[in-house]
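Shown next: target12.csv, given as CSV, C-alpha atoms.
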```
chain,number,residue,atom,x,y,z
A,1,ALA,CA,92.7,83.1,62.7
A,2,GLY,CA,94.9,80.1,63.2
A,3,TYR,CA,98.5,78.8,63.6
A,4,ILE,CA,100.0,82.0,64.9
A,5,ASN,CA,103.4,81.5,66.7
A,6,ASN,CA,104.3,85.1,67.6
A,7,GLY,CA,102.9,88.0,69.5
A,8,PHE,CA,99.7,89.5,67.9
A,9,ASN,CA,97.1,92.1,68.3
A,10,ILE,CA,93.4,91.8,67.2
A,11,SER,CA,91.8,95.2,68.0
A,12,GLY,CA,89.2,97.7,66.9
A,13,ASN,CA,87.0,95.4,64.9
A,14,GLU,CA,83.2,95.4,64.5
A,15,ILE,CA,81.9,92.0,63.5
A,16,GLU,CA,78.2,91.4,62.7
A,17,MET,CA,76.9,88.2,61.3
A,18,ASN,CA,73.4,86.8,60.6
A,19,SER,CA,72.9,83.2,59.7
A,20,THR,CA,70.8,80.1,60.5
A,21,SER,CA,73.9,78.0,60.3
A,22,ASN,CA,76.5,77.4,63.0
A,23,ILE,CA,78.8,80.4,62.7
A,24,TYR,CA,81.6,82.1,64.7
A,25,GLY,CA,82.3,85.8,65.0
A,26,LEU,CA,85.9,85.5,66.1
A,27,TYR,CA,87.5,82.0,65.7
A,28,LEU,CA,91.0,81.4,67.1
A,29,ASP,CA,92.6,78.0,66.7
A,30,ASN,CA,96.2,76.9,67.4
A,31,ILE,CA,97.3,80.3,68.6
A,32,ASN,CA,100.6,80.3,70.5
A,33,ALA,CA,101.7,83.9,71.2
A,34,THR,CA,105.3,83.3,72.1
A,35,GLY,CA,107.3,86.0,73.8
A,36,ALA,CA,106.4,88.1,76.8
A,37,PHE,CA,103.6,86.9,79.2
A,38,HIS,CA,100.2,87.3,77.5
A,39,SER,CA,102.0,88.7,74.4
A,40,GLY,CA,98.8,88.0,72.3
A,41,THR,CA,96.1,90.6,72.8
A,42,VAL,CA,92.4,90.6,71.6
A,43,SER,CA,90.9,94.0,72.7
A,44,ASN,CA,88.3,96.6,71.9
A,45,ASN,CA,86.3,94.5,69.5
A,46,MET,CA,82.5,94.4,69.1
A,47,ILE,CA,81.0,91.1,68.0
A,48,TYR,CA,77.3,90.6,67.3
A,49,LEU,CA,75.7,87.4,66.1
A,50,THR,CA,72.0,86.8,65.2
A,51,GLY,CA,70.0,84.1,63.6
A,52,GLY,CA,68.7,80.6,64.2
A,53,GLY,CA,71.7,78.5,64.5
A,54,ASN,CA,74.1,77.3,67.2
A,55,ALA,CA,77.1,79.6,67.3
A,56,SER,CA,79.8,81.4,69.3
A,57,ALA,CA,80.5,85.1,69.1
A,58,MET,CA,84.1,84.2,70.3
A,59,TYR,CA,85.4,80.7,69.8
A,60,LEU,CA,88.8,79.8,71.3
A,61,GLN,CA,90.5,76.5,70.7
A,62,ASN,CA,94.1,75.6,71.5
A,63,THR,CA,94.9,79.3,72.2
A,64,GLN,CA,97.8,80.2,74.4
A,65,ASN,CA,99.4,83.2,76.2
A,66,THR,CA,96.7,85.6,75.2
A,67,LEU,CA,94.9,88.5,77.0
A,68,PHE,CA,91.3,89.2,76.1
A,69,ALA,CA,90.4,92.7,77.3
A,70,TYR,CA,87.7,95.3,76.7
A,71,ASN,CA,85.7,93.3,74.2
A,72,THR,CA,81.9,93.4,73.8
A,73,SER,CA,80.3,90.3,72.5
A,74,TYR,CA,76.6,89.5,72.1
A,75,SER,CA,75.0,86.3,70.8
A,76,ASP,CA,71.4,86.6,69.7
A,77,GLN,CA,71.4,83.1,68.2
A,78,VAL,CA,68.3,81.2,69.2
A,79,GLY,CA,70.0,77.7,69.1
A,80,SER,CA,70.0,76.1,72.5
A,81,ALA,CA,73.7,75.1,72.1
A,82,SER,CA,74.8,78.6,71.1
A,83,LYS,CA,77.3,80.4,73.4
A,84,CYS,CA,78.7,83.9,73.5
A,85,LEU,CA,82.1,82.7,74.5
A,86,SER,CA,83.4,79.1,74.0
A,87,GLN,CA,86.9,78.0,75.1
A,88,SER,CA,88.7,74.7,75.0
A,89,ASN,CA,92.3,73.6,75.5
A,90,GLY,CA,95.2,76.1,75.4
A,91,ALA,CA,97.1,77.7,78.2
A,92,GLN,CA,97.7,81.1,80.0
A,93,LEU,CA,94.5,82.9,79.0
A,94,GLN,CA,93.4,86.0,80.8
A,95,PHE,CA,89.9,87.5,80.5
A,96,MET,CA,89.6,91.1,81.8
A,97,ASN,CA,87.1,94.0,81.4
A,98,ASN,CA,84.9,92.2,78.8
A,99,ILE,CA,81.1,92.1,78.2
A,100,TYR,CA,79.7,88.7,77.3
A,101,SER,CA,76.0,88.6,76.8
A,102,ALA,CA,73.5,86.1,75.2
A,103,ASN,CA,69.9,85.9,74.4
A,104,ALA,CA,69.3,82.1,74.3
A,105,GLY,CA,72.4,80.0,74.9
A,106,ALA,CA,75.0,80.0,77.6
A,107,VAL,CA,76.9,83.2,78.2
A,108,ALA,CA,80.3,81.5,78.6
A,109,ASP,CA,81.7,78.0,78.4
A,110,PHE,CA,85.2,77.7,79.9
A,111,ASN,CA,85.8,74.1,79.0
A,112,THR,CA,89.5,73.7,80.0
A,113,ILE,CA,89.9,75.5,83.3
A,114,THR,CA,93.6,74.7,83.6
A,115,ALA,CA,94.1,77.0,80.6
A,116,ILE,CA,92.6,80.0,82.5
A,117,ASP,CA,94.9,82.3,84.4
A,118,SER,CA,92.1,84.7,85.5
A,119,VAL,CA,88.6,85.9,84.7
A,120,ILE,CA,88.3,89.3,86.4
A,121,HIS,CA,86.2,92.5,86.0
A,122,ASN,CA,84.0,91.1,83.3
A,123,ASN,CA,80.3,91.5,82.8
A,124,PHE,CA,78.3,88.4,82.1
A,125,TYR,CA,74.6,88.7,81.2
A,126,ASN,CA,71.8,86.7,79.6
A,127,THR,CA,68.1,86.9,79.1
A,128,GLY,CA,67.5,83.2,78.3
A,129,THR,CA,67.2,80.1,80.4
A,130,ALA,CA,70.4,78.3,79.4
A,131,THR,CA,73.2,77.6,81.8
A,132,PHE,CA,74.8,81.0,82.7
A,133,ILE,CA,78.5,80.0,82.9
A,134,ASP,CA,80.1,76.6,82.4
A,135,PHE,CA,83.5,76.3,84.1
A,136,GLY,CA,85.0,72.9,83.5
A,137,ALA,CA,82.5,70.4,84.9
A,138,SER,CA,80.7,73.0,87.0
A,139,ASN,CA,77.7,75.0,86.0
A,140,TYR,CA,76.7,78.3,87.5
A,141,GLY,CA,73.4,80.1,87.3
A,142,ASP,CA,74.7,83.5,88.4
A,143,VAL,CA,78.0,85.4,88.6
A,144,ASN,CA,78.2,85.6,92.3
A,145,SER,CA,78.5,81.8,92.7
A,146,PHE,CA,81.0,81.8,89.9
A,147,ASN,CA,83.1,84.4,91.7
A,148,THR,CA,83.0,82.8,95.1
A,149,THR,CA,83.7,79.3,94.0
A,150,ASN,CA,86.7,79.7,91.6
A,151,LEU,CA,90.1,81.2,92.5
A,152,GLN,CA,90.6,82.4,88.9
A,153,ALA,CA,87.3,84.5,89.1
A,154,ASN,CA,87.0,87.8,90.8
A,155,ASP,CA,85.1,91.1,90.6
A,156,ASN,CA,82.9,89.9,87.7
A,157,ILE,CA,79.4,91.5,87.6
A,158,GLN,CA,76.0,90.6,86.1
A,159,ILE,CA,74.0,93.6,84.7
A,160,ASP,CA,72.2,94.5,81.5
A,161,PRO,CA,74.7,96.4,79.3
A,162,GLY,CA,72.0,98.6,77.9
A,163,TYR,CA,73.0,98.4,74.3
A,164,TYR,CA,72.0,101.2,72.0
A,165,ASN,CA,70.1,98.6,70.1
A,166,SER,CA,70.5,94.9,69.2
A,167,SER,CA,73.2,95.6,66.6
A,168,ASP,CA,74.9,98.7,68.1
A,169,LEU,CA,76.8,97.4,71.1
A,170,HIS,CA,77.7,100.8,72.5
A,171,VAL,CA,76.4,100.8,76.1
A,172,THR,CA,74.4,103.0,78.4
A,173,SER,CA,74.4,101.1,81.7
A,174,ILE,CA,75.8,103.1,84.6
A,175,GLY,CA,77.0,99.9,86.3
A,176,LEU,CA,79.7,99.4,83.7
A,177,ASN,CA,81.1,102.9,84.1
A,178,GLY,CA,84.3,102.9,86.1
A,179,SER,CA,84.1,99.2,86.8
A,180,ALA,CA,87.1,97.9,84.8
A,181,LYS,CA,90.7,97.3,85.9
A,182,PRO,CA,93.1,99.8,84.2
A,183,LEU,CA,95.6,98.3,81.7
A,184,THR,CA,98.5,100.5,80.8
A,185,ASN,CA,98.9,99.0,77.3
A,186,ILE,CA,95.3,99.7,76.3
A,187,THR,CA,94.7,103.5,76.5
A,188,ALA,CA,91.8,104.1,74.1
A,189,ASP,CA,88.5,102.4,73.2
A,190,ILE,CA,87.1,101.1,69.9
A,191,ASP,CA,86.2,104.6,68.8
A,192,GLY,CA,89.6,106.1,69.7
A,193,ASP,CA,88.2,107.7,72.9
A,194,THR,CA,90.8,107.9,75.7
A,195,ARG,CA,90.2,105.5,78.5
A,196,ASN,CA,90.1,106.7,82.1
A,197,THR,CA,93.5,105.9,83.6
A,198,SER,CA,92.2,104.9,87.0
A,199,THR,CA,88.5,103.9,86.5
A,200,PRO,CA,87.9,102.8,82.9
A,201,ASP,CA,84.7,101.2,81.7
A,202,ILE,CA,84.0,97.5,81.0
A,203,GLY,CA,83.6,96.6,77.4
A,204,ALA,CA,84.8,98.0,74.1
A,205,ASP,CA,83.1,101.4,74.6
A,206,GLU,CA,84.4,104.0,77.1
A,207,PHE,CA,81.4,106.2,77.7
A,208,THR,CA,79.9,108.9,79.9
A,209,PRO,CA,76.6,107.8,81.5
A,210,ALA,CA,73.5,110.0,81.6
A,211,SER,CA,73.3,112.3,84.6
A,212,PHE,CA,70.0,110.7,85.6
A,213,ASP,CA,69.8,106.9,85.0
A,214,LEU,CA,66.0,106.4,85.2
A,215,LYS,CA,63.5,104.7,83.0
A,216,MET,CA,60.0,103.2,83.3
A,217,LEU,CA,60.0,99.5,83.5
A,218,GLY,CA,56.3,99.0,83.4
A,219,LEU,CA,52.9,99.7,85.0
A,220,ASP,CA,51.3,97.6,87.6
A,221,GLY,CA,48.0,97.9,85.9
A,222,ASN,CA,45.7,100.1,83.8
A,223,TYR,CA,44.2,103.0,85.6
A,224,THR,CA,41.3,105.1,84.3
A,225,SER,CA,40.3,107.2,87.3
A,226,CYS,CA,43.2,109.6,87.6
A,227,ASN,CA,41.9,112.2,85.2
A,228,ILE,CA,45.1,111.9,83.1
A,229,ASN,CA,44.9,112.7,79.4
A,230,ALA,CA,47.4,112.6,76.5
A,231,THR,CA,48.9,116.0,77.4
A,232,THR,CA,49.3,115.5,81.2
A,233,THR,CA,52.9,115.9,82.5
A,234,VAL,CA,54.0,113.5,85.1
A,235,SER,CA,57.1,114.3,87.3
A,236,VAL,CA,59.2,111.8,89.2
A,237,LYS,CA,61.2,113.1,92.1
```

Would you mind writing the file's structure down as structure tokens?
Amino acid sequence: AGYINNGFNISGNEIEMNSTSNIYGLYLDNINATGAFHSGTVSNNMIYLTGGGNASAMYLQNTQNTLFAYNTSYSDQVGSASKCLSQSNGAQLQFMNNIYSANAGAVADFNTITAIDSVIHNNFYNTGTATFIDFGASNYGDVNSFNTTNLQANDNIQIDPGYYNSSDLHVTSIGLNGSAKPLTNITADIDGDTRNTSTPDIGADEFTPASFDLKMLGLDGNYTSCNINATTTVSVK
């Protein structure tokens, strides 16, 4: 989208793209949402990119007066310059209750920090080795240092979202449950499920976590002397 001069709402979209070229899931350029404070809203969207190029799941350029809330974005692009979120120029931008995750490139690049009003209650996560968060001229390798160093950043977390799979960005991680900041103008999620009015969930998906959040991460080694066969039941208490 480009050259919008009034209030707008981009909500409830599922965007999935696979390409070896440089692609963008959501591209906003020269957006000026005139009117009430943060009268432009981008919310409850799921954006998934995969392929071999350098890309951004969410690319924001010269965007003003806009709230980004309850979005889930995942970049599985393997290009070293790929980013989940890329921002430059603009003014009065607020990022709240979003999930930004990446496999190879940086999770987020906030190029123009004077355009940022706040970055709060988001989840940033990556599994690659690229810079975690770029904020102006500063680079952060974890979310704690990002939170404590910048006045605009607060209550952001860093956990694995636990996606259903690489292309289904519904989540399972209990750490996202109840960790968002309530917004009175966004009362449902991408599926139409009602959001909790006091403790909503981070990301596009409002969910109920499993009663027992337990999984095996691995074995320290191979053991052959325990007399365990294929039908043995193992209990964890």

Applying 7 Å and only C-alpha atoms, which residues near Ala153 in chain A remain after dropping the ones on its own chain fewer than 3 positions away? List them as a PyMOL selection string. chain A and resi 118-120+146-147+150

Select, from A:Ile174, A:Leu169, A:Ala210, A:Ala106, the residue with the minimum atom-to-atom distance to Gln77 in chain A, counting all atoms listed in the file. A:Ala106

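With distances restricted to all atoms listed in the file, A:Asp117 is the closest residue to Gln92 in chain A from A:Asp134, A:Asp117, A:Asp168, A:Glu14.
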
Contacts of Gly52 in chain A at 12 Å (all atoms listed in the file; same-chain gap of 3+ positions) as a PyMOL selection string: chain A and resi 17-23+49+55+75-82+103-105

Keeping C-alpha atoms for every residue in the selection just given, could you write it to a file as a tab-separated table (two decimals), in the coordinates of the input?
```tsv
chain	number	residue	atom	x	y	z
A	17	MET	CA	76.90	88.20	61.30
A	18	ASN	CA	73.40	86.80	60.60
A	19	SER	CA	72.90	83.20	59.70
A	20	THR	CA	70.80	80.10	60.50
A	21	SER	CA	73.90	78.00	60.30
A	22	ASN	CA	76.50	77.40	63.00
A	23	ILE	CA	78.80	80.40	62.70
A	49	LEU	CA	75.70	87.40	66.10
A	55	ALA	CA	77.10	79.60	67.30
A	75	SER	CA	75.00	86.30	70.80
A	76	ASP	CA	71.40	86.60	69.70
A	77	GLN	CA	71.40	83.10	68.20
A	78	VAL	CA	68.30	81.20	69.20
A	79	GLY	CA	70.00	77.70	69.10
A	80	SER	CA	70.00	76.10	72.50
A	81	ALA	CA	73.70	75.10	72.10
A	82	SER	CA	74.80	78.60	71.10
A	103	ASN	CA	69.90	85.90	74.40
A	104	ALA	CA	69.30	82.10	74.30
A	105	GLY	CA	72.40	80.00	74.90
```

Which value, in Å to one decimal, gives the distance between CA of Thr112 in chain A and CA of Ala91 in chain A? 8.8 Å

Could you check which of A:Ala188, A:Ile157, A:Leu28, A:Ile202 is closest to Asn89 in chain A, using all atoms listed in the file? A:Leu28

Missing atoms in range 124-158 of chain A need filling: write out N, CA and C atoms for it as a PDB file, in the frame of the given file.
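Wrote out.pdb, looks like this:
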```pdb
ATOM      1  N   PHE A 124      78.958  89.480  82.741  1.00  0.00           N
ATOM      2  CA  PHE A 124      78.300  88.400  82.100  1.00  0.00           C
ATOM      3  C   PHE A 124      76.767  88.583  82.272  1.00  0.00           C
ATOM      4  N   TYR A 125      76.031  88.452  81.156  1.00  0.00           N
ATOM      5  CA  TYR A 125      74.600  88.700  81.200  1.00  0.00           C
ATOM      6  C   TYR A 125      73.841  87.910  80.185  1.00  0.00           C
ATOM      7  N   ASN A 126      72.706  87.352  80.581  1.00  0.00           N
ATOM      8  CA  ASN A 126      71.800  86.700  79.600  1.00  0.00           C
ATOM      9  C   ASN A 126      70.381  86.892  79.948  1.00  0.00           C
ATOM     10  N   THR A 127      69.544  86.756  78.916  1.00  0.00           N
ATOM     11  CA  THR A 127      68.100  86.900  79.100  1.00  0.00           C
ATOM     12  C   THR A 127      67.396  85.558  78.868  1.00  0.00           C
ATOM     13  N   GLY A 128      68.133  84.514  78.533  1.00  0.00           N
ATOM     14  CA  GLY A 128      67.500  83.200  78.300  1.00  0.00           C
ATOM     15  C   GLY A 128      67.533  82.331  79.497  1.00  0.00           C
ATOM     16  N   THR A 129      67.293  81.047  79.278  1.00  0.00           N
ATOM     17  CA  THR A 129      67.200  80.100  80.400  1.00  0.00           C
ATOM     18  C   THR A 129      68.320  79.084  80.379  1.00  0.00           C
ATOM     19  N   ALA A 130      69.266  79.210  79.465  1.00  0.00           N
ATOM     20  CA  ALA A 130      70.400  78.300  79.400  1.00  0.00           C
ATOM     21  C   ALA A 130      71.320  78.487  80.580  1.00  0.00           C
ATOM     22  N   THR A 131      72.211  77.515  80.799  1.00  0.00           N
ATOM     23  CA  THR A 131      73.200  77.600  81.800  1.00  0.00           C
ATOM     24  C   THR A 131      73.980  78.936  81.681  1.00  0.00           C
ATOM     25  N   PHE A 132      74.170  79.636  82.774  1.00  0.00           N
ATOM     26  CA  PHE A 132      74.800  81.000  82.700  1.00  0.00           C
ATOM     27  C   PHE A 132      76.271  80.859  82.344  1.00  0.00           C
ATOM     28  N   ILE A 133      77.056  80.194  83.183  1.00  0.00           N
ATOM     29  CA  ILE A 133      78.500  80.000  82.900  1.00  0.00           C
ATOM     30  C   ILE A 133      78.844  78.544  83.194  1.00  0.00           C
ATOM     31  N   ASP A 134      79.509  77.921  82.236  1.00  0.00           N
ATOM     32  CA  ASP A 134      80.100  76.600  82.400  1.00  0.00           C
ATOM     33  C   ASP A 134      81.587  76.787  82.665  1.00  0.00           C
ATOM     34  N   PHE A 135      82.083  76.198  83.742  1.00  0.00           N
ATOM     35  CA  PHE A 135      83.500  76.300  84.100  1.00  0.00           C
ATOM     36  C   PHE A 135      84.002  74.904  84.392  1.00  0.00           C
ATOM     37  N   GLY A 136      84.630  74.282  83.383  1.00  0.00           N
ATOM     38  CA  GLY A 136      85.000  72.900  83.500  1.00  0.00           C
ATOM     39  C   GLY A 136      83.723  72.041  83.649  1.00  0.00           C
ATOM     40  N   ALA A 137      83.660  71.221  84.673  1.00  0.00           N
ATOM     41  CA  ALA A 137      82.500  70.400  84.900  1.00  0.00           C
ATOM     42  C   ALA A 137      81.406  71.027  85.712  1.00  0.00           C
ATOM     43  N   SER A 138      81.635  72.253  86.131  1.00  0.00           N
ATOM     44  CA  SER A 138      80.700  73.000  87.000  1.00  0.00           C
ATOM     45  C   SER A 138      79.837  73.936  86.185  1.00  0.00           C
ATOM     46  N   ASN A 139      78.586  74.075  86.605  1.00  0.00           N
ATOM     47  CA  ASN A 139      77.700  75.000  86.000  1.00  0.00           C
ATOM     48  C   ASN A 139      77.171  76.018  86.988  1.00  0.00           C
ATOM     49  N   TYR A 140      77.116  77.275  86.566  1.00  0.00           N
ATOM     50  CA  TYR A 140      76.700  78.300  87.500  1.00  0.00           C
ATOM     51  C   TYR A 140      75.562  79.129  86.884  1.00  0.00           C
ATOM     52  N   GLY A 141      74.573  79.378  87.733  1.00  0.00           N
ATOM     53  CA  GLY A 141      73.400  80.100  87.300  1.00  0.00           C
ATOM     54  C   GLY A 141      73.472  81.591  87.519  1.00  0.00           C
ATOM     55  N   ASP A 142      74.526  82.061  88.179  1.00  0.00           N
ATOM     56  CA  ASP A 142      74.700  83.500  88.400  1.00  0.00           C
ATOM     57  C   ASP A 142      76.181  83.773  88.617  1.00  0.00           C
ATOM     58  N   VAL A 143      76.545  85.028  88.500  1.00  0.00           N
ATOM     59  CA  VAL A 143      78.000  85.400  88.600  1.00  0.00           C
ATOM     60  C   VAL A 143      78.518  85.371  89.975  1.00  0.00           C
ATOM     61  N   ASN A 144      77.681  85.586  90.967  1.00  0.00           N
ATOM     62  CA  ASN A 144      78.200  85.600  92.300  1.00  0.00           C
ATOM     63  C   ASN A 144      78.710  84.218  92.740  1.00  0.00           C
ATOM     64  N   SER A 145      77.984  83.163  92.408  1.00  0.00           N
ATOM     65  CA  SER A 145      78.500  81.800  92.700  1.00  0.00           C
ATOM     66  C   SER A 145      79.712  81.480  91.938  1.00  0.00           C
ATOM     67  N   PHE A 146      79.802  81.973  90.729  1.00  0.00           N
ATOM     68  CA  PHE A 146      81.000  81.800  89.900  1.00  0.00           C
ATOM     69  C   PHE A 146      82.207  82.455  90.567  1.00  0.00           C
ATOM     70  N   ASN A 147      82.034  83.679  91.029  1.00  0.00           N
ATOM     71  CA  ASN A 147      83.100  84.400  91.700  1.00  0.00           C
ATOM     72  C   ASN A 147      83.617  83.757  92.941  1.00  0.00           C
ATOM     73  N   THR A 148      82.682  83.332  93.780  1.00  0.00           N
ATOM     74  CA  THR A 148      83.000  82.800  95.100  1.00  0.00           C
ATOM     75  C   THR A 148      83.589  81.426  95.096  1.00  0.00           C
ATOM     76  N   THR A 149      83.356  80.684  94.026  1.00  0.00           N
ATOM     77  CA  THR A 149      83.700  79.300  94.000  1.00  0.00           C
ATOM     78  C   THR A 149      85.097  79.062  93.328  1.00  0.00           C
ATOM     79  N   ASN A 150      85.530  79.952  92.451  1.00  0.00           N
ATOM     80  CA  ASN A 150      86.700  79.700  91.600  1.00  0.00           C
ATOM     81  C   ASN A 150      87.811  80.753  91.946  1.00  0.00           C
ATOM     82  N   LEU A 151      89.006  80.274  92.180  1.00  0.00           N
ATOM     83  CA  LEU A 151      90.100  81.200  92.500  1.00  0.00           C
ATOM     84  C   LEU A 151      90.472  82.081  91.326  1.00  0.00           C
ATOM     85  N   GLN A 152      90.229  81.615  90.086  1.00  0.00           N
ATOM     86  CA  GLN A 152      90.600  82.400  88.900  1.00  0.00           C
ATOM     87  C   GLN A 152      89.589  83.588  88.707  1.00  0.00           C
ATOM     88  N   ALA A 153      88.405  83.514  89.320  1.00  0.00           N
ATOM     89  CA  ALA A 153      87.300  84.500  89.100  1.00  0.00           C
ATOM     90  C   ALA A 153      87.229  85.491  90.196  1.00  0.00           C
ATOM     91  N   ASN A 154      87.123  86.763  89.822  1.00  0.00           N
ATOM     92  CA  ASN A 154      87.000  87.800  90.800  1.00  0.00           C
ATOM     93  C   ASN A 154      86.470  89.085  90.244  1.00  0.00           C
ATOM     94  N   ASP A 155      85.614  89.763  90.990  1.00  0.00           N
ATOM     95  CA  ASP A 155      85.100  91.100  90.600  1.00  0.00           C
ATOM     96  C   ASP A 155      84.343  91.092  89.297  1.00  0.00           C
ATOM     97  N   ASN A 156      83.767  89.958  88.904  1.00  0.00           N
ATOM     98  CA  ASN A 156      82.900  89.900  87.700  1.00  0.00           C
ATOM     99  C   ASN A 156      81.486  90.375  88.172  1.00  0.00           C
ATOM    100  N   ILE A 157      80.741  90.979  87.258  1.00  0.00           N
ATOM    101  CA  ILE A 157      79.400  91.500  87.600  1.00  0.00           C
ATOM    102  C   ILE A 157      78.382  90.924  86.600  1.00  0.00           C
ATOM    103  N   GLN A 158      77.118  91.174  86.903  1.00  0.00           N
ATOM    104  CA  GLN A 158      76.000  90.600  86.100  1.00  0.00           C
ATOM    105  C   GLN A 158      74.934  91.707  85.974  1.00  0.00           C
TER     106      GLN A 158
END
```
